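A.B. asks: Data file entry-v1.txt (compact mmCIF, C-alpha atoms and all ligand atoms) is appended below.
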# COMPACT_ATOMS: atom_id res chain seq x y z
CA MET A 1384 0.00 0.00 0.00
CA THR A 1385 1.34 3.46 -0.89
CA LYS A 1386 1.83 6.18 1.73
CA ARG A 1387 -1.13 8.10 0.29
CA GLU A 1388 -3.41 5.04 0.43
CA LEU A 1389 -2.31 4.42 3.99
CA SER A 1390 -3.12 7.96 5.09
CA TRP A 1391 -6.49 7.79 3.31
CA LYS A 1392 -7.27 4.54 5.12
CA LYS A 1393 -6.35 6.13 8.43
CA ARG A 1394 -8.67 9.03 7.72
CA GLU A 1395 -11.52 6.70 6.76
CA GLN A 1396 -11.03 4.87 10.04
CA PHE A 1397 -11.01 8.15 11.96
CA ILE A 1398 -14.30 9.20 10.31
CA GLU A 1399 -15.78 5.80 11.15
CA ASP A 1400 -14.71 6.11 14.80
CA HIS A 1401 -15.40 9.81 15.50
CA GLY A 1402 -17.52 11.22 12.67
CA ILE A 1403 -17.00 13.23 9.49
CA ILE A 1404 -17.05 16.27 11.80
CA TYR A 1405 -15.43 15.96 15.21
CA LEU A 1406 -14.73 18.66 17.76
CA ASP A 1407 -12.58 17.63 20.67
CA ASN A 1408 -12.90 19.98 23.66
CA VAL A 1409 -12.96 23.07 21.45
CA SER A 1410 -12.95 26.60 22.80
CA LYS A 1411 -12.91 29.85 20.88
CA VAL A 1412 -12.19 33.10 22.62
CA TYR A 1413 -12.37 36.35 20.64
CA SER A 1414 -10.17 39.17 21.85
CA LYS A 1415 -12.82 40.49 24.24
CA GLY A 1416 -15.45 38.90 26.45
CA ALA A 1417 -16.56 35.42 27.43
CA PRO A 1418 -15.61 32.44 25.23
CA ALA A 1419 -17.86 32.13 22.16
CA LEU A 1420 -17.35 28.35 22.42
CA ASN A 1421 -16.42 26.79 25.71
CA GLY A 1422 -15.09 23.22 25.63
CA ILE A 1423 -17.32 21.71 22.93
CA THR A 1424 -16.98 18.00 22.18
CA LEU A 1425 -19.17 16.85 19.32
CA GLY A 1426 -19.20 14.19 16.63
CA ILE A 1427 -21.36 14.20 13.50
CA GLY A 1428 -21.45 10.97 11.53
CA LYS A 1429 -21.12 10.61 7.78
CA GLY A 1430 -24.56 10.98 6.20
CA GLU A 1431 -26.27 12.63 9.19
CA PHE A 1432 -28.71 15.55 9.04
CA VAL A 1433 -28.25 17.81 12.05
CA PHE A 1434 -29.86 21.03 13.19
CA ILE A 1435 -27.90 23.43 15.37
CA VAL A 1436 -30.13 25.82 17.29
CA GLY A 1437 -29.75 28.26 20.16
CA ASP A 1438 -30.15 31.84 21.31
CA SER A 1439 -28.50 34.68 19.46
CA GLY A 1440 -24.84 34.79 20.51
CA SER A 1441 -24.74 31.16 21.66
CA GLY A 1442 -21.85 30.36 19.28
CA LYS A 1443 -23.51 28.72 16.25
CA SER A 1444 -21.86 30.86 13.58
CA THR A 1445 -18.53 30.59 15.33
CA LEU A 1446 -18.86 26.81 15.12
CA ILE A 1447 -19.60 26.99 11.37
CA LYS A 1448 -16.60 29.30 10.84
CA LEU A 1449 -14.34 26.81 12.60
CA LEU A 1450 -15.61 24.01 10.34
CA LEU A 1451 -14.90 26.13 7.27
CA ARG A 1452 -11.46 26.97 8.64
CA GLU A 1453 -12.33 30.66 8.48
CA LEU A 1454 -11.29 30.68 12.14
CA THR A 1455 -9.06 28.42 14.18
CA ALA A 1456 -9.83 27.20 17.69
CA THR A 1457 -8.20 28.84 20.70
CA SER A 1458 -7.83 25.38 22.24
CA GLY A 1459 -8.94 21.85 21.40
CA SER A 1460 -9.05 20.24 17.95
CA VAL A 1461 -11.43 20.45 15.02
CA TYR A 1462 -11.44 17.54 12.58
CA VAL A 1463 -13.34 17.66 9.30
CA MET A 1464 -13.26 14.63 7.01
CA GLY A 1465 -10.56 13.20 9.23
CA SER A 1466 -8.21 16.19 8.87
CA ASP A 1467 -7.04 18.16 11.88
CA LEU A 1468 -7.81 21.68 10.65
CA GLU A 1469 -5.15 23.29 12.82
CA LYS A 1470 -2.50 21.29 10.97
CA LEU A 1471 -3.82 22.35 7.59
CA LYS A 1472 -1.35 24.68 5.87
CA HIS A 1473 -2.64 27.94 4.42
CA ARG A 1474 -2.15 26.71 0.85
CA GLN A 1475 -4.13 23.53 1.59
CA VAL A 1476 -7.27 25.41 2.68
CA PRO A 1477 -8.83 25.92 -0.80
CA LYS A 1478 -8.50 22.22 -1.58
CA PHE A 1479 -10.00 21.32 1.79
CA ARG A 1480 -12.99 23.61 1.13
CA ARG A 1481 -13.79 21.85 -2.14
CA ASN A 1482 -15.40 19.12 -0.10
CA LEU A 1483 -17.61 21.57 1.77
CA GLY A 1484 -20.69 23.19 0.31
CA VAL A 1485 -21.93 26.24 2.15
CA VAL A 1486 -25.04 28.41 2.00
CA PHE A 1487 -25.85 31.53 4.01
CA GLN A 1488 -28.93 33.54 4.90
CA ASP A 1489 -28.01 36.33 2.46
CA PHE A 1490 -27.33 34.01 -0.54
CA ARG A 1491 -24.03 35.73 -1.50
CA LEU A 1492 -24.51 35.42 -5.25
CA LEU A 1493 -22.79 37.34 -8.06
CA ASN A 1494 -25.71 39.63 -8.83
CA ASP A 1495 -24.47 40.92 -12.18
CA ARG A 1496 -24.20 37.37 -13.55
CA ASN A 1497 -26.90 34.96 -14.60
CA VAL A 1498 -27.91 31.78 -12.83
CA TYR A 1499 -25.77 29.54 -15.03
CA GLU A 1500 -22.67 31.69 -14.50
CA ASN A 1501 -23.11 31.71 -10.72
CA VAL A 1502 -23.00 27.95 -10.62
CA ALA A 1503 -20.41 27.46 -13.36
CA PHE A 1504 -18.07 29.83 -11.51
CA ALA A 1505 -17.74 27.35 -8.63
CA GLN A 1506 -16.51 24.75 -11.11
CA ARG A 1507 -14.18 27.09 -13.00
CA ILE A 1508 -12.24 28.04 -9.89
CA ILE A 1509 -11.36 24.41 -9.33
CA GLU A 1510 -10.51 24.03 -13.02
CA VAL A 1511 -13.19 21.58 -14.05
CA PRO A 1512 -12.95 21.18 -17.86
CA SER A 1513 -15.53 23.28 -19.77
CA ILE A 1514 -17.13 20.23 -21.34
CA GLU A 1515 -17.92 18.86 -17.88
CA ILE A 1516 -19.16 22.23 -16.63
CA ARG A 1517 -21.63 22.34 -19.53
CA ARG A 1518 -22.91 18.95 -18.43
CA ASN A 1519 -22.86 19.46 -14.64
CA VAL A 1520 -24.48 22.88 -14.31
CA PRO A 1521 -27.79 22.04 -16.08
CA THR A 1522 -28.01 18.80 -14.09
CA ILE A 1523 -27.65 20.54 -10.73
CA LEU A 1524 -30.00 23.37 -11.77
CA ALA A 1525 -32.63 20.76 -12.61
CA THR A 1526 -32.11 19.18 -9.17
CA VAL A 1527 -32.95 22.46 -7.45
CA GLY A 1528 -35.88 23.15 -9.80
CA LEU A 1529 -34.30 25.98 -11.78
CA ALA A 1530 -33.69 24.35 -15.15
CA GLY A 1531 -35.81 26.97 -16.93
CA LYS A 1532 -34.13 29.97 -15.29
CA TYR A 1533 -30.52 29.49 -16.24
CA LYS A 1534 -30.31 32.73 -18.23
CA ALA A 1535 -31.94 34.95 -15.60
CA LYS A 1536 -29.86 37.50 -13.71
CA THR A 1537 -29.90 36.50 -10.07
CA ARG A 1538 -31.15 39.90 -8.93
CA GLN A 1539 -34.33 39.29 -10.97
CA LEU A 1540 -35.13 36.16 -8.95
CA SER A 1541 -37.26 35.73 -5.83
CA GLY A 1542 -35.54 35.04 -2.51
CA GLY A 1543 -36.44 31.35 -2.70
CA GLU A 1544 -35.01 31.09 -6.20
CA GLN A 1545 -31.84 32.90 -5.17
CA GLN A 1546 -31.32 30.47 -2.32
CA ARG A 1547 -31.77 27.59 -4.76
CA VAL A 1548 -29.03 29.06 -6.96
CA ALA A 1549 -26.83 29.27 -3.87
CA LEU A 1550 -27.63 25.64 -3.12
CA ALA A 1551 -26.84 24.59 -6.69
CA ARG A 1552 -23.52 26.43 -6.45
CA ALA A 1553 -22.77 24.73 -3.13
CA LEU A 1554 -23.57 21.30 -4.54
CA VAL A 1555 -22.14 21.37 -8.04
CA ASN A 1556 -18.70 20.23 -6.85
CA ASN A 1557 -20.32 17.27 -5.12
CA PRO A 1558 -19.24 18.06 -1.53
CA SER A 1559 -19.22 15.49 1.27
CA ILE A 1560 -20.66 18.03 3.70
CA LEU A 1561 -23.17 20.84 3.26
CA LEU A 1562 -23.14 23.60 5.89
CA ALA A 1563 -26.15 25.91 5.91
CA ASP A 1564 -26.07 28.97 8.19
CA GLU A 1565 -29.66 30.26 8.54
CA PRO A 1566 -30.60 29.20 4.98
CA THR A 1567 -34.25 30.19 5.44
CA GLY A 1568 -33.64 33.39 7.42
CA ASN A 1569 -34.76 35.62 4.53
CA LEU A 1570 -37.51 33.38 3.16
CA ASP A 1571 -41.26 33.08 3.66
CA PRO A 1572 -42.67 29.81 5.07
CA LYS A 1573 -43.41 28.25 1.66
CA ASN A 1574 -39.92 28.90 0.28
CA SER A 1575 -38.39 27.85 3.60
CA TRP A 1576 -40.06 24.49 3.33
CA GLU A 1577 -38.96 24.07 -0.28
CA ILE A 1578 -35.35 24.71 0.69
CA MET A 1579 -35.59 22.30 3.63
CA THR A 1580 -37.10 19.63 1.40
CA LEU A 1581 -34.18 20.07 -0.98
CA LEU A 1582 -31.71 19.79 1.90
CA GLU A 1583 -33.38 16.57 2.95
CA GLU A 1584 -33.12 15.15 -0.57
CA ILE A 1585 -29.47 16.13 -0.74
CA ASN A 1586 -28.94 14.34 2.55
CA GLN A 1587 -30.74 11.25 1.29
CA ASN A 1588 -28.26 11.17 -1.58
CA GLY A 1589 -25.44 10.79 0.93
CA THR A 1590 -24.26 14.33 1.78
CA THR A 1591 -23.85 15.14 5.47
CA VAL A 1592 -26.02 18.21 6.17
CA VAL A 1593 -25.59 20.66 9.07
CA VAL A 1594 -28.17 23.42 9.35
CA VAL A 1595 -28.02 26.36 11.75
CA THR A 1596 -31.50 27.79 12.13
CA HIS A 1597 -33.91 29.80 14.25
CA ASN A 1598 -36.89 28.22 12.48
CA ARG A 1599 -38.72 26.48 15.30
CA GLU A 1600 -41.57 25.15 13.16
CA ILE A 1601 -39.27 23.41 10.70
CA VAL A 1602 -37.03 21.92 13.41
CA ASN A 1603 -40.01 20.54 15.28
CA ALA A 1604 -41.61 19.09 12.16
CA MET A 1605 -38.54 17.38 10.69
CA HIS A 1606 -37.59 15.13 13.62
CA LYS A 1607 -33.85 15.23 13.02
CA ARG A 1608 -30.97 15.35 15.44
CA VAL A 1609 -31.10 18.72 17.21
CA ILE A 1610 -28.08 20.22 18.96
CA THR A 1611 -28.97 23.14 21.20
CA MET A 1612 -26.31 25.65 22.21
CA LYS A 1613 -26.30 28.24 24.92
CA ARG A 1614 -23.48 30.62 25.84
CA GLY A 1615 -20.88 28.52 24.05
CA ILE A 1616 -21.81 25.09 25.32
CA ILE A 1617 -24.11 22.30 24.13
CA ILE A 1618 -27.07 22.09 26.48
CA SER A 1619 -28.95 19.37 24.59
CA ASP A 1620 -28.23 16.91 21.79
CA ALA A 1621 -31.21 14.76 20.88
CA GLU A 1622 -32.21 12.53 17.98
CA GLY A 1623 -35.68 13.57 16.82
CA GLY A 1624 -35.29 16.55 19.14
CA GLU A 1625 -37.35 19.68 19.52
CA TYR A 1626 -36.49 23.34 19.41
CA ILE A 1627 -35.99 24.28 23.05
CA ASP A 1628 -37.59 27.57 24.03
CA GLU A 1629 -35.32 30.39 25.05
CA ASP A 1630 -35.83 31.58 28.58
N1 LIG B 1701 -15.50 38.69 15.38
C1 LIG B 1701 -15.89 38.69 16.66
N2 LIG B 1701 -15.22 39.40 17.59
C2 LIG B 1701 -15.60 39.40 18.89
N3 LIG B 1701 -16.65 38.71 19.37
C3 LIG B 1701 -17.37 37.98 18.49
C4 LIG B 1701 -17.03 37.93 17.10
N4 LIG B 1701 -17.93 37.12 16.46
C5 LIG B 1701 -18.77 36.68 17.42
N5 LIG B 1701 -18.46 37.20 18.63
C6 LIG B 1701 -19.13 36.92 19.91
O1 LIG B 1701 -19.12 35.52 20.12
C7 LIG B 1701 -20.36 35.08 20.66
C8 LIG B 1701 -20.96 34.01 19.75
O2 LIG B 1701 -21.31 34.61 18.50
P1 LIG B 1701 -21.89 33.80 17.27
O3 LIG B 1701 -21.99 34.73 16.12
O4 LIG B 1701 -21.12 32.56 17.08
O5 LIG B 1701 -23.36 33.44 17.80
P2 LIG B 1701 -24.63 32.87 17.04
O6 LIG B 1701 -25.17 31.79 17.90
O7 LIG B 1701 -24.27 32.52 15.65
O8 LIG B 1701 -25.62 34.11 17.04
P3 LIG B 1701 -26.80 34.51 16.00
O9 LIG B 1701 -27.88 33.50 16.19
O10 LIG B 1701 -27.19 35.87 16.46
O11 LIG B 1701 -26.18 34.51 14.63
C9 LIG B 1701 -21.22 36.32 20.84
O12 LIG B 1701 -21.08 36.77 22.15
C10 LIG B 1701 -20.60 37.31 19.86
O13 LIG B 1701 -20.78 38.63 20.31
Would you mind writing the file's structure down as structure tokens?
Ligand SMILES: Nc1ncnc2c1ncn2[C@@H]1O[C@H](COP(=O)(O)OP(=O)(O)OP(=O)(O)O)[C@@H](O)[C@H]1O
C.D. replies:
Amino acid sequence: MTKRELSWKKREQFIEDHGIIYLDNVSKVYSKGAPALNGITLGIGKGEFVFIVGDSGSGKSTLIKLLLRELTATSGSVYVMGSDLEKLKHRQVPKFRRNLGVVFQDFRLLNDRNVYENVAFAQRIIEVPSIEIRRNVPTILATVGLAGKYKAKTRQLSGGEQQRVALARALVNNPSILLADEPTGNLDPKNSWEIMTLLEEINQNGTTVVVVTHNREIVNAMHKRVITMKRGIIISDAEGGEYIDED
């Protein structure tokens, strides 16, 4: 077995034992104030669908930023896909992020480009050959129900449609993990449900999905694993859990 095969096997074993996401006693302290995360230990298995909920300021976005390696932990270790993110060199970060899809509340699209270009862009930056891009983009747009809108400028779309473009862009590179930070925060109930249904389908196709949300109704209806945070710690972690009311 080559060295590379051996290290891949080790990583597979790590994921099997601890999860595709694993935080080991992680704290994050910003320059001022109480820790945003305070000794979090958490494993998320390959193929899981997990909600992360909690009061404003409880540390949810900080957690997502650690997983994306936008931030590093003050202490403890963050492992994503079996890699210790602290050991990742700066130049390795873009390659690491290829396996992560991410969507945000505010969509973050290129508003002067059309739908097709927004999605194709994600493939161009990782140098996917044009012939494959021309095949992949329509396929993923059909998956999110936007096949007919590929020429539209994103600013001409509804909020729900814009979030679907963002989802298509997040998924086109076939990531192992999809992180969604408040994906329905700017959407009405109907569009929120459509996005959640898409996230569930994506999960059923094998992608691990982590959703940060304040949407109580959706969390309570979907009966997924629910991790509740408060002031930087996990106060509840329950399969088929409910949104716990803030006090
Ligand atoms: N860049 C920063 N510098 C200093 N403090 C920060 C920074 N970002 C977040 N914090 C603090 O860390 C704590 C956790 O913030 P975080 O954004 O992770 O919470 P959250 O649960 O995502 O909140 P919300 O639901 O409002 O988005 C808060 O007390 C916040 O004020």
A.B. asks: What gap, in Å, lies between CA of Glu1453 (chain A) and CA of Phe1479 (chain A)?
C.D. replies: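 Distance reported for this atom pair: 11.7 Å.
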A.B. asks: So which residues are near ligand LIG 1701 (chain B), meaning at most 8 Å away with only C-alpha atoms and all ligand atoms counted, given back as a ChimeraX atom specification?
C.D. replies: /A:1412-1420,1436-1446,1596-1597,1612-1615
A.B. asks: Report, in Å to a single decimal, how far apart CA of Leu1492 (chain A) and CA of Asn1569 (chain A) are.
C.D. replies: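 Between these atoms lies a distance of 14.2 Å.
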A.B. asks: Which value, in Å to one decimal, gives the distance between CA of Gly1542 (chain A) and CA of Gln1488 (chain A)?
C.D. replies: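 So the answer is 10.0 Å.
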A.B. asks: Would you pick out the contacts of Gly1568 (chain A) at 12 Å or less, using all atoms listed in the file, so that residues sharing its chain but fewer than 5 positions from it are not included, and give the list as JSON, numbers by chain?
C.D. replies: {"A": [1486, 1487, 1488, 1489, 1490, 1542, 1543, 1546, 1563, 1574, 1575, 1576, 1578, 1579, 1594, 1595, 1596, 1597, 1598, 1599, 1601]}
A.B. asks: At a cut-off of 6 Å, using all atoms listed in the file, what residues contact Gly1402 (chain A)? Leave out same-chain residues fewer than 4 positions from it and give the result as a VMD selection string.
C.D. replies: chain A and resid 1398 1426 to 1428
A.B. asks: For Asp1620 (chain A), which residue among A:Phe1434, A:Glu1510, A:Ser1559, A:Asp1407 is the nearest when counting all atoms listed in the file?
C.D. replies: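 Counting all atoms listed in the file, the residue closest to Asp1620 (chain A) is A:Phe1434.
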A.B. asks: Quick one: of A:Glu1622, A:Glu1577, A:Glu1388, A:Glu1515, who's nearest to Arg1547 (chain A), counting all atoms listed in the file?
C.D. replies: A:Glu1577
A.B. asks: My list of candidates is A:Gln1545, A:Ser1410, A:Asn1519, A:Gln1587. Which is closest to Thr1455 (chain A) when distances are computed with only C-alpha atoms?
C.D. replies: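 Distance minimum relative to Thr1455 (chain A) lands on A:Ser1410.
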A.B. asks: Using the file's own x, y and z axes, so that the box edges lie along x, y and z, what centre and edge lengths in Å (one decimal) does a box around every listed atom of region 1440-1451 of chain A get when 8 Å is added on each side? Give it as AutoDock Vina command-line options.
C.D. replies:
--center_x -19.6 --center_y 29.4 --center_z 14.5 --size_x 26.5 --size_y 26.8 --size_z 30.4
A.B. asks: Using all atoms listed in the file, which of the listed residues (A:Leu1540, A:Ile1610, A:Leu1406, A:Ile1447) sits closest to Gly1422 (chain A)?
C.D. replies: A:Leu1406
A.B. asks: If we count all atoms listed in the file and set the cut-off at 9 Å, which residues sit around Gly1589 (chain A), ignoring sequence neighbours fewer than 4 positions away in its own chain? Please answer as a PyMOL selection string.
C.D. replies: chain A and resi 1429-1431+1559+1584-1585
A.B. asks: Please identify all polymer residues within 7 Å of Lys1536 (chain A), counting only C-alpha atoms, omitting same-chain residues fewer than 2 positions from it, and present them as a list in words.
C.D. replies: Asn1494, Asp1495, Arg1496, Asn1497, Val1498, Lys1534, Arg1538 and Gln1539 of chain A
A.B. asks: Which residue gives the smallest distance to Tyr1626 (chain A) among A:Leu1524, A:Leu1389, A:Ile1435, A:Ile1423, with all atoms listed in the file counted?
C.D. replies: A:Ile1435
